[in-house]
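Chemist: Hey, dropping final_38.cif in here, mmCIF, C-alpha atoms and all ligand atoms:
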data_final
#
loop_
_atom_site.label_atom_id
_atom_site.label_comp_id
_atom_site.auth_asym_id
_atom_site.auth_seq_id
_atom_site.Cartn_x
_atom_site.Cartn_y
_atom_site.Cartn_z
CA MET A 1 -9.42 -90.79 -69.34
CA ASN A 2 -6.59 -91.18 -66.84
CA ILE A 3 -4.03 -93.75 -67.84
CA THR A 4 -1.00 -95.25 -66.09
CA ALA A 5 2.19 -95.82 -68.07
CA ILE A 6 4.32 -98.86 -67.31
CA ILE A 7 7.91 -98.85 -68.53
CA LEU A 8 9.36 -102.35 -68.41
CA ALA A 9 12.95 -102.02 -67.32
CA GLY A 10 13.94 -105.34 -65.78
CA GLY A 11 15.48 -108.39 -67.39
CA ARG A 12 19.10 -109.18 -68.06
CA SER A 13 20.04 -107.06 -71.11
CA SER A 14 22.33 -110.00 -71.87
CA ARG A 15 22.56 -109.38 -75.61
CA MET A 16 23.36 -105.68 -75.05
CA GLY A 17 25.83 -106.39 -72.26
CA SER A 18 24.72 -103.36 -70.20
CA ASN A 19 21.42 -102.03 -68.86
CA LYS A 20 19.42 -100.96 -71.93
CA ALA A 21 17.28 -98.50 -69.97
CA LEU A 22 20.35 -96.45 -69.12
CA LEU A 23 21.85 -96.22 -72.59
CA GLU A 24 22.25 -92.63 -73.65
CA LEU A 25 20.74 -91.19 -76.81
CA GLY A 26 20.77 -87.52 -77.66
CA GLY A 27 21.95 -86.53 -74.17
CA LEU A 28 19.25 -88.49 -72.32
CA THR A 29 19.00 -92.07 -71.18
CA VAL A 30 16.40 -94.11 -73.03
CA LEU A 31 14.40 -94.19 -69.82
CA GLU A 32 14.43 -90.38 -69.60
CA ARG A 33 13.37 -90.10 -73.24
CA LEU A 34 10.38 -92.36 -72.57
CA ILE A 35 9.46 -90.50 -69.39
CA ARG A 36 9.59 -87.20 -71.28
CA GLU A 37 7.24 -88.61 -73.94
CA LEU A 38 4.87 -90.21 -71.44
CA GLU A 39 4.56 -87.30 -69.02
CA PRO A 40 2.04 -85.35 -71.13
CA ILE A 41 -0.13 -88.46 -71.62
CA ALA A 42 -0.06 -90.50 -68.41
CA SER A 43 -1.37 -89.57 -64.97
CA ARG A 44 1.28 -91.80 -63.38
CA ILE A 45 4.44 -93.49 -64.63
CA VAL A 46 5.62 -96.79 -63.17
CA ILE A 47 9.04 -98.29 -63.83
CA ALA A 48 8.69 -102.07 -63.54
CA GLY A 49 11.61 -104.26 -62.60
CA GLY A 50 15.31 -103.85 -62.39
CA GLU A 51 17.24 -102.60 -59.44
CA ARG A 52 15.27 -100.02 -57.54
CA ALA A 53 18.42 -98.05 -56.71
CA ALA A 54 19.26 -97.64 -60.40
CA TYR A 55 15.92 -96.02 -61.18
CA GLU A 56 14.93 -94.00 -58.13
CA ARG A 57 16.71 -90.91 -59.42
CA PHE A 58 14.14 -90.61 -62.23
CA GLY A 59 11.47 -89.52 -59.75
CA GLN A 60 8.83 -92.07 -60.79
CA VAL A 61 7.24 -95.00 -58.98
CA VAL A 62 9.49 -98.09 -59.15
CA VAL A 63 7.89 -101.51 -58.63
CA THR A 64 9.50 -104.91 -58.16
CA ASP A 65 8.44 -108.09 -60.00
CA ARG A 66 6.45 -110.49 -57.89
CA TYR A 67 7.57 -113.29 -60.23
CA PRO A 68 11.32 -112.62 -60.47
CA GLY A 69 13.13 -114.13 -63.43
CA ALA A 70 9.90 -114.66 -65.37
CA GLY A 71 10.64 -112.06 -68.07
CA PRO A 72 8.52 -109.31 -69.60
CA LEU A 73 5.23 -110.92 -68.58
CA ALA A 74 6.30 -110.52 -64.94
CA GLY A 75 7.18 -106.87 -65.54
CA LEU A 76 3.80 -106.19 -67.07
CA HIS A 77 2.16 -108.01 -64.17
CA ALA A 78 4.00 -105.89 -61.58
CA GLY A 79 3.10 -102.70 -63.41
CA LEU A 80 -0.57 -103.59 -63.87
CA GLU A 81 -0.85 -104.66 -60.25
CA SER A 82 0.29 -101.25 -59.10
CA SER A 83 -1.87 -99.42 -61.64
CA THR A 84 -4.99 -97.71 -60.33
CA THR A 85 -6.46 -96.81 -63.72
CA ARG A 86 -8.72 -99.00 -65.86
CA TRP A 87 -6.23 -98.88 -68.76
CA SER A 88 -2.44 -98.79 -68.73
CA LEU A 89 0.12 -98.17 -71.42
CA ALA A 90 3.01 -100.63 -71.58
CA VAL A 91 6.33 -99.86 -73.21
CA ALA A 92 9.70 -101.57 -73.22
CA CYS A 93 12.68 -99.54 -72.05
CA ASP A 94 14.52 -100.53 -75.22
CA THR A 95 12.22 -98.76 -77.72
CA PRO A 96 13.96 -95.39 -77.94
CA PHE A 97 11.70 -93.75 -80.50
CA ALA A 98 8.31 -94.56 -78.97
CA ASN A 99 6.85 -91.10 -78.65
CA ARG A 100 3.89 -89.16 -77.35
CA GLY A 101 2.10 -89.38 -80.71
CA LEU A 102 2.11 -93.17 -80.49
CA PHE A 103 1.10 -93.13 -76.84
CA ARG A 104 -1.74 -90.70 -77.55
CA ALA A 105 -3.02 -92.94 -80.37
CA LEU A 106 -3.06 -95.92 -77.97
CA LEU A 107 -4.87 -93.85 -75.32
CA GLU A 108 -7.49 -92.69 -77.84
CA ARG A 109 -8.15 -96.27 -78.94
CA ALA A 110 -8.46 -97.33 -75.29
CA GLU A 111 -10.97 -94.53 -74.69
CA ALA A 112 -12.99 -95.62 -77.73
CA ALA A 113 -12.92 -99.24 -76.53
CA GLU A 114 -14.11 -98.20 -73.09
CA GLU A 115 -16.97 -96.16 -74.56
CA ALA A 116 -18.01 -99.15 -76.67
CA ALA A 117 -17.94 -101.34 -73.55
CA ALA A 118 -20.10 -98.84 -71.64
CA ARG A 119 -22.63 -98.72 -74.50
CA ALA A 120 -22.78 -102.52 -74.53
CA VAL A 121 -23.52 -102.55 -70.79
CA ASP A 122 -26.32 -100.02 -71.33
CA ARG A 123 -27.77 -102.12 -74.13
CA ALA A 124 -27.58 -105.26 -72.03
CA SER A 125 -29.45 -103.60 -69.16
CA ASP A 126 -32.21 -102.69 -71.64
CA LEU A 127 -32.53 -106.33 -72.63
CA ALA A 128 -33.92 -109.15 -70.54
CA ALA A 129 -31.91 -109.77 -67.35
CA GLY A 130 -28.84 -111.84 -68.04
CA ALA A 131 -28.58 -111.05 -71.74
CA SER A 132 -25.17 -109.71 -72.60
CA GLY A 133 -25.69 -109.44 -76.34
CA GLY A 134 -22.49 -111.51 -76.76
CA PHE A 135 -20.26 -108.47 -76.46
CA ALA A 136 -16.61 -109.05 -75.52
CA PRO A 137 -14.80 -105.84 -74.51
CA THR A 138 -11.45 -105.02 -76.05
CA GLU A 139 -8.74 -105.80 -73.51
CA ALA A 140 -5.58 -104.91 -75.39
CA ILE A 141 -4.48 -102.54 -78.12
CA LEU A 142 -1.17 -103.40 -79.75
CA ALA A 143 1.06 -101.72 -82.29
CA ARG A 144 1.57 -104.06 -85.22
CA THR A 145 4.00 -103.87 -88.10
CA GLN A 146 4.25 -106.23 -91.04
CA GLU A 147 6.62 -108.52 -89.23
CA ARG A 148 4.73 -108.83 -85.94
CA ALA A 149 2.55 -107.46 -83.16
CA HIS A 150 4.36 -105.54 -80.41
CA PRO A 151 2.97 -106.41 -76.96
CA LEU A 152 5.31 -103.88 -75.36
CA LEU A 153 4.03 -100.97 -77.36
CA ALA A 154 0.49 -101.40 -76.23
CA ALA A 155 -2.38 -100.54 -73.91
CA TYR A 156 -4.00 -103.09 -71.60
CA ARG A 157 -7.26 -103.12 -69.69
CA ARG A 158 -6.83 -103.96 -66.04
CA SER A 159 -9.23 -106.88 -66.48
CA VAL A 160 -6.40 -108.88 -68.11
CA LEU A 161 -4.60 -109.16 -64.77
CA PRO A 162 -6.11 -112.41 -63.40
CA GLY A 163 -5.43 -114.28 -66.67
CA LEU A 164 -1.91 -112.89 -66.80
CA GLU A 165 -1.24 -113.98 -63.26
CA ALA A 166 -2.57 -117.47 -64.00
CA ARG A 167 -0.09 -117.82 -66.85
CA LEU A 168 2.78 -116.71 -64.61
CA ARG A 169 1.76 -119.28 -62.00
CA GLU A 170 1.65 -121.97 -64.66
CA GLY A 171 5.05 -120.90 -66.03
CA ARG A 172 3.61 -120.08 -69.47
CA LEU A 173 5.76 -117.03 -70.05
CA LYS A 174 5.60 -116.33 -73.78
CA MET A 175 4.09 -112.91 -74.13
CA THR A 176 2.68 -113.21 -77.65
CA ALA A 177 1.06 -116.55 -76.79
CA TRP A 178 -0.76 -114.72 -74.00
CA THR A 179 -1.80 -111.65 -76.04
CA GLU A 180 -3.23 -113.98 -78.69
CA THR A 181 -5.77 -115.13 -76.10
CA LEU A 182 -7.01 -111.57 -75.49
CA CYS A 183 -9.66 -109.59 -77.29
CA THR A 184 -7.22 -107.34 -79.12
CA GLU A 185 -7.24 -104.41 -81.51
CA TYR A 186 -4.24 -103.23 -83.49
CA ILE A 187 -2.81 -99.94 -84.64
CA GLU A 188 -0.71 -100.61 -87.67
CA GLY A 189 0.95 -99.45 -90.87
CA GLU A 190 0.26 -95.92 -91.91
CA ALA A 191 -1.75 -95.21 -88.77
CA LEU A 192 1.35 -95.92 -86.68
CA ALA A 193 3.60 -93.79 -88.82
CA ASN A 194 1.06 -90.95 -88.89
CA ALA A 195 0.56 -91.03 -85.13
CA SER A 196 4.27 -90.94 -84.40
CA GLY A 197 5.37 -88.68 -87.22
CA LEU A 198 8.25 -91.12 -87.71
CA PRO A 199 9.24 -93.57 -90.43
CA LEU A 200 7.40 -96.83 -89.75
CA GLU A 201 10.61 -98.81 -89.13
CA TRP A 202 11.47 -96.48 -86.25
CA CYS A 203 8.14 -96.54 -84.45
CA THR A 204 8.61 -100.00 -82.99
CA PHE A 205 12.40 -100.24 -83.28
CA ASN A 206 13.94 -101.89 -80.25
CA MET A 207 17.54 -102.22 -79.24
CA ASN A 208 18.71 -105.64 -78.16
CA LYS A 209 22.32 -105.72 -79.32
CA PRO A 210 25.13 -103.15 -79.45
CA GLU A 211 24.67 -102.83 -83.22
CA ASP A 212 21.00 -101.85 -82.68
CA TYR A 213 22.17 -99.11 -80.32
CA GLU A 214 24.67 -97.92 -82.91
CA LEU A 215 21.91 -97.80 -85.52
CA ALA A 216 19.65 -95.75 -83.21
CA ARG A 217 22.52 -93.35 -82.56
CA SER A 218 23.20 -92.95 -86.25
CA TRP A 219 19.51 -92.28 -86.97
CA LEU A 220 19.44 -89.69 -84.26
CA GLU A 221 22.64 -88.06 -85.46
CA SER A 222 21.28 -87.90 -88.99
CA GLY A 223 18.56 -85.72 -87.46
CA ARG A 224 15.78 -87.87 -88.85
CA SER A 225 14.46 -89.18 -85.57
CA GLU A 226 13.33 -86.07 -83.70
CA GLY A 227 9.54 -85.87 -84.01
N1 LIG A 301 10.19 -106.03 -65.08
C1 LIG A 301 10.78 -106.87 -65.93
N2 LIG A 301 11.06 -106.46 -67.17
C2 LIG A 301 11.68 -107.33 -68.01
C3 LIG A 301 12.05 -108.63 -67.61
N3 LIG A 301 12.65 -109.24 -68.67
C4 LIG A 301 12.66 -108.36 -69.66
N4 LIG A 301 12.06 -107.20 -69.28
C5 LIG A 301 11.84 -106.00 -70.08
O1 LIG A 301 11.08 -106.39 -71.21
C6 LIG A 301 11.54 -105.75 -72.39
C7 LIG A 301 11.97 -106.78 -73.40
O2 LIG A 301 13.05 -107.49 -72.85
P1 LIG A 301 13.90 -108.55 -73.68
O3 LIG A 301 14.70 -107.83 -74.72
O4 LIG A 301 12.99 -109.61 -74.17
O5 LIG A 301 14.83 -109.20 -72.57
P2 LIG A 301 16.06 -108.59 -71.80
O6 LIG A 301 16.22 -109.42 -70.57
O7 LIG A 301 15.89 -107.10 -71.61
O8 LIG A 301 17.29 -108.77 -72.77
P3 LIG A 301 18.11 -110.12 -73.13
O9 LIG A 301 18.77 -110.60 -71.90
O10 LIG A 301 19.10 -109.68 -74.17
O11 LIG A 301 17.07 -111.09 -73.68
C8 LIG A 301 12.64 -104.80 -71.92
O12 LIG A 301 12.03 -103.55 -71.67
C9 LIG A 301 13.12 -105.40 -70.61
O13 LIG A 301 13.62 -104.40 -69.73
C10 LIG A 301 11.74 -109.05 -66.28
O14 LIG A 301 12.03 -110.18 -65.85
N5 LIG A 301 11.11 -108.13 -65.49
#
Just dump the structure as structure tokens.
Ligand SMILES: Nc1nc2c(ncn2[C@@H]2O[C@H](COP(=O)(O)OP(=O)(O)OP(=O)(O)O)[C@@H](O)[C@H]2O)c(=O)[nH]1

Modeler:
Amino acid sequence: MNITAIILAGGRSSRMGSNKALLELGGLTVLERLIRELEPIASRIVIAGGERAAYERFGQVVVTDRYPGAGPLAGLHAGLESSTTRWSLAVACDTPFANRGLFRALLERAEAAEEAAARAVDRASDLAAGASGGFAPTEAILARTQERAHPLLAAYRRSVLPGLEARLREGRLKMTAWTETLCTEYIEGEALANASGLPLEWCTFNMNKPEDYELARSWLESGRSEG
């Protein structure tokens, strides 16, 4: 199944004090690391948000938020709007260790969800007209660790777009409040660690503050983070 990858790279990076997407780790910017990991998985990579000029050199599609200042939900919206595939991966530009193993696991779950949806449609057409069998297709697959679900290490079905846009119009911008309304599956615990080949704490690690960046650098230097 073809899948689009959306890297969210807008926002203010106010806690970091400089653009998180362009922080360097192991000789590459975080954005380049993510692109390298996504290229074998995704048919198209979209960088959502931020200043177009800052990202054009990476050779990917760059899209602008249609709801500027509305945060990650607006970035996901811009990316999904430009996506031409039924499912899209979404990843934050501040998760430096998200890797192809994790992305492949999300893609495989999306494929399984799509097959289940297709089977349900077949079953419904065998039943009396109008009967749906009560099946609700999976619309989102999220990584989840003990502390929380990670809506920006996830896959989304394009069908979430109208609901997402409605929330943006209403100014309801909290991402987890929105994902809780979706029909969601999770990849968690050992499955996450196995897929990534990384310690669990690294899989979803994101860098918000300078000390997080320092920690990521020290992990990388210790040689433990290369999968
Ligand atoms: N396209 C887009 N992406 C965003 C926006 N706000 C945040 N993001 C992205 O969403 C992810 C999570 O961002 P946050 O850490 O919540 O916010 P931030 O603005 O990057 O950082 P802070 O200013 O420190 O809160 C990162 O990948 C950001 O680049 C936005 O308004 N538009």

Chemist: Name the residues in contact with Leu107 of chain A at a cut-off of 8 Å, using all atoms listed in the file, excluding same-chain residues fewer than 3 positions from it; report them as a list in words.

Modeler: Ile3, Leu89, Phe103, Arg104, Ala110, Glu111 and Ala155 of chain A

Chemist: Show me which residues are within 9 Å of ligand LIG 301 (chain A) counting only C-alpha atoms and all ligand atoms, and format the list as a PDB file with C-alpha atoms, in the frame of the given file.

Modeler:
ATOM      1  CA  ILE A   7       7.910 -98.850 -68.530  1.00  0.00           C
ATOM      2  CA  LEU A   8       9.360-102.350 -68.410  1.00  0.00           C
ATOM      3  CA  ALA A   9      12.950-102.020 -67.320  1.00  0.00           C
ATOM      4  CA  GLY A  10      13.940-105.340 -65.780  1.00  0.00           C
ATOM      5  CA  GLY A  11      15.480-108.390 -67.390  1.00  0.00           C
ATOM      6  CA  ARG A  12      19.100-109.180 -68.060  1.00  0.00           C
ATOM      7  CA  SER A  13      20.040-107.060 -71.110  1.00  0.00           C
ATOM      8  CA  SER A  14      22.330-110.000 -71.870  1.00  0.00           C
ATOM      9  CA  ARG A  15      22.560-109.380 -75.610  1.00  0.00           C
ATOM     10  CA  MET A  16      23.360-105.680 -75.050  1.00  0.00           C
ATOM     11  CA  GLY A  17      25.830-106.390 -72.260  1.00  0.00           C
ATOM     12  CA  ASN A  19      21.420-102.030 -68.860  1.00  0.00           C
ATOM     13  CA  LYS A  20      19.420-100.960 -71.930  1.00  0.00           C
ATOM     14  CA  ALA A  21      17.280 -98.500 -69.970  1.00  0.00           C
ATOM     15  CA  ILE A  47       9.040 -98.290 -63.830  1.00  0.00           C
ATOM     16  CA  ALA A  48       8.690-102.070 -63.540  1.00  0.00           C
ATOM     17  CA  GLY A  49      11.610-104.260 -62.600  1.00  0.00           C
ATOM     18  CA  GLY A  50      15.310-103.850 -62.390  1.00  0.00           C
ATOM     19  CA  VAL A  63       7.890-101.510 -58.630  1.00  0.00           C
ATOM     20  CA  THR A  64       9.500-104.910 -58.160  1.00  0.00           C
ATOM     21  CA  ASP A  65       8.440-108.090 -60.000  1.00  0.00           C
ATOM     22  CA  TYR A  67       7.570-113.290 -60.230  1.00  0.00           C
ATOM     23  CA  PRO A  68      11.320-112.620 -60.470  1.00  0.00           C
ATOM     24  CA  GLY A  69      13.130-114.130 -63.430  1.00  0.00           C
ATOM     25  CA  ALA A  70       9.900-114.660 -65.370  1.00  0.00           C
ATOM     26  CA  GLY A  71      10.640-112.060 -68.070  1.00  0.00           C
ATOM     27  CA  PRO A  72       8.520-109.310 -69.600  1.00  0.00           C
ATOM     28  CA  LEU A  73       5.230-110.920 -68.580  1.00  0.00           C
ATOM     29  CA  ALA A  74       6.300-110.520 -64.940  1.00  0.00           C
ATOM     30  CA  GLY A  75       7.180-106.870 -65.540  1.00  0.00           C
ATOM     31  CA  LEU A  76       3.800-106.190 -67.070  1.00  0.00           C
ATOM     32  CA  HIS A  77       2.160-108.010 -64.170  1.00  0.00           C
ATOM     33  CA  ALA A  78       4.000-105.890 -61.580  1.00  0.00           C
ATOM     34  CA  GLY A  79       3.100-102.700 -63.410  1.00  0.00           C
ATOM     35  CA  VAL A  91       6.330 -99.860 -73.210  1.00  0.00           C
ATOM     36  CA  ALA A  92       9.700-101.570 -73.220  1.00  0.00           C
ATOM     37  CA  CYS A  93      12.680 -99.540 -72.050  1.00  0.00           C
ATOM     38  CA  ASP A  94      14.520-100.530 -75.220  1.00  0.00           C
ATOM     39  CA  THR A  95      12.220 -98.760 -77.720  1.00  0.00           C
ATOM     40  CA  LEU A 152       5.310-103.880 -75.360  1.00  0.00           C
ATOM     41  CA  ASN A 206      13.940-101.890 -80.250  1.00  0.00           C
ATOM     42  CA  MET A 207      17.540-102.220 -79.240  1.00  0.00           C
ATOM     43  CA  ASN A 208      18.710-105.640 -78.160  1.00  0.00           C
ATOM     44  CA  LYS A 209      22.320-105.720 -79.320  1.00  0.00           C
TER      45      LYS A 209
END

Chemist: Could you jot down the atom CA of Trp202 of chain A to atom CA of Thr145 of chain A separation for me, Å, one decimal place?

Modeler: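 Pair atom CA of Trp202 of chain A / atom CA of Thr145 of chain A returns 10.7 Å.
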
Chemist: Just checking: using only C-alpha atoms, which residue out of A:Glu201, A:Asp122, A:Glu81, A:Glu108 ends up closest to Leu164 of chain A?

Modeler: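 Among the listed residues, A:Glu81 lies closest to Leu164 of chain A.
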
Chemist: Calculated over only C-alpha atoms, which of the candidates A:Arg217, A:Arg100, A:Arg44, A:Arg33 has the smallest distance to Ser82 of chain A?

Modeler: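 So, comparing all the options, the nearest one is A:Arg44.
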
Chemist: What gap, in Å, lies between atom CA of Leu31 of chain A and atom CA of Glu221 of chain A?

Modeler: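 Atom-to-atom, atom CA of Leu31 of chain A and atom CA of Glu221 of chain A are spaced 18.7 Å apart.
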
Chemist: What is the atom CA of Leu34 of chain A to atom CA of Ser18 of chain A distance in Å?

Modeler: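 Interatomic distance here is 18.2 Å.
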
Chemist: Pick from A:Cys203, A:Pro151, A:Val62, A:Tyr156: nearest to Lys174 of chain A, with only C-alpha atoms counted?

Modeler: A:Pro151

Chemist: I'd like to know which of A:Leu106, A:Gly134, A:Leu198, A:Trp178 is closest to Glu165 of chain A, using only C-alpha atoms.

Modeler: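 Of A:Leu106, A:Gly134, A:Leu198, A:Trp178, the one nearest Glu165 of chain A is A:Trp178, counting only C-alpha atoms.
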
Chemist: Name the residues, using the chain letters and numbers of the file, that sit within 12 Å of (-23.0, -99.4, -73.4) when counting all atoms listed in the file, and give them as a list in words.

Modeler: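 Here is the list of nearby residues: Ala112, Ala113, Glu114, Glu115, Ala116, Ala117, Ala118, Arg119, Ala120, Val121, Asp122, Arg123, Ala124, Ser125, Asp126, Leu127, Ser132, Gly133, Phe135, Ala136 and Pro137 of chain A.
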
Chemist: Supply segment 175-191 of chain A as a short mmCIF file (atom, residue, chain, number, x, y, z; two decimals), keeping the file's coordinate frame, with N, CA, C and O atoms built in where the input has gaps.

Modeler:
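Result file is rebuild31.cif:
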data_model
loop_
_atom_site.label_atom_id
_atom_site.label_comp_id
_atom_site.auth_asym_id
_atom_site.auth_seq_id
_atom_site.Cartn_x
_atom_site.Cartn_y
_atom_site.Cartn_z
N MET A 175 5.01 -114.04 -74.14
CA MET A 175 4.09 -112.91 -74.13
C MET A 175 3.10 -112.95 -75.30
O MET A 175 1.91 -112.70 -75.12
N THR A 176 3.60 -113.24 -76.50
CA THR A 176 2.68 -113.21 -77.65
C THR A 176 1.65 -114.33 -77.55
O THR A 176 0.51 -114.16 -77.97
N ALA A 177 2.04 -115.46 -76.96
CA ALA A 177 1.06 -116.55 -76.79
C ALA A 177 -0.07 -116.08 -75.88
O ALA A 177 -1.24 -116.41 -76.09
N TRP A 178 0.27 -115.25 -74.90
CA TRP A 178 -0.76 -114.72 -74.00
C TRP A 178 -1.62 -113.67 -74.72
O TRP A 178 -2.86 -113.74 -74.67
N THR A 179 -0.98 -112.72 -75.41
CA THR A 179 -1.80 -111.65 -76.04
C THR A 179 -2.74 -112.23 -77.09
O THR A 179 -3.82 -111.68 -77.33
N GLU A 180 -2.35 -113.36 -77.69
CA GLU A 180 -3.23 -113.98 -78.69
C GLU A 180 -4.53 -114.50 -78.07
O GLU A 180 -5.50 -114.73 -78.77
N THR A 181 -4.54 -114.66 -76.76
CA THR A 181 -5.77 -115.13 -76.10
C THR A 181 -6.71 -113.96 -75.74
O THR A 181 -7.81 -114.18 -75.28
N LEU A 182 -6.23 -112.74 -75.91
CA LEU A 182 -7.01 -111.57 -75.49
C LEU A 182 -7.88 -111.06 -76.64
O LEU A 182 -7.60 -111.35 -77.81
N CYS A 183 -8.87 -110.28 -76.27
CA CYS A 183 -9.66 -109.59 -77.29
C CYS A 183 -8.88 -108.32 -77.65
O CYS A 183 -8.80 -107.38 -76.85
N THR A 184 -8.25 -108.34 -78.80
CA THR A 184 -7.22 -107.34 -79.12
C THR A 184 -7.58 -106.52 -80.35
O THR A 184 -8.17 -107.04 -81.30
N GLU A 185 -7.20 -105.26 -80.30
CA GLU A 185 -7.24 -104.41 -81.51
C GLU A 185 -5.82 -104.02 -81.84
O GLU A 185 -4.94 -104.05 -80.96
N TYR A 186 -5.60 -103.59 -83.07
CA TYR A 186 -4.24 -103.23 -83.49
C TYR A 186 -4.21 -101.83 -84.08
O TYR A 186 -5.17 -101.40 -84.71
N ILE A 187 -3.09 -101.16 -83.88
CA ILE A 187 -2.81 -99.94 -84.64
C ILE A 187 -1.62 -100.29 -85.53
O ILE A 187 -0.59 -100.76 -85.02
N GLU A 188 -1.78 -100.10 -86.81
CA GLU A 188 -0.71 -100.61 -87.67
C GLU A 188 -0.45 -99.71 -88.87
O GLU A 188 -1.18 -98.76 -89.13
N GLY A 189 0.61 -100.06 -89.58
CA GLY A 189 0.95 -99.45 -90.87
C GLY A 189 0.96 -97.94 -90.81
O GLY A 189 1.55 -97.33 -89.92
N GLU A 190 0.26 -97.37 -91.77
CA GLU A 190 0.26 -95.92 -91.91
C GLU A 190 -0.24 -95.21 -90.65
O GLU A 190 0.24 -94.14 -90.29
N ALA A 191 -1.20 -95.83 -90.00
CA ALA A 191 -1.75 -95.21 -88.77
C ALA A 191 -0.66 -95.04 -87.72
O ALA A 191 -0.62 -94.02 -87.01
#
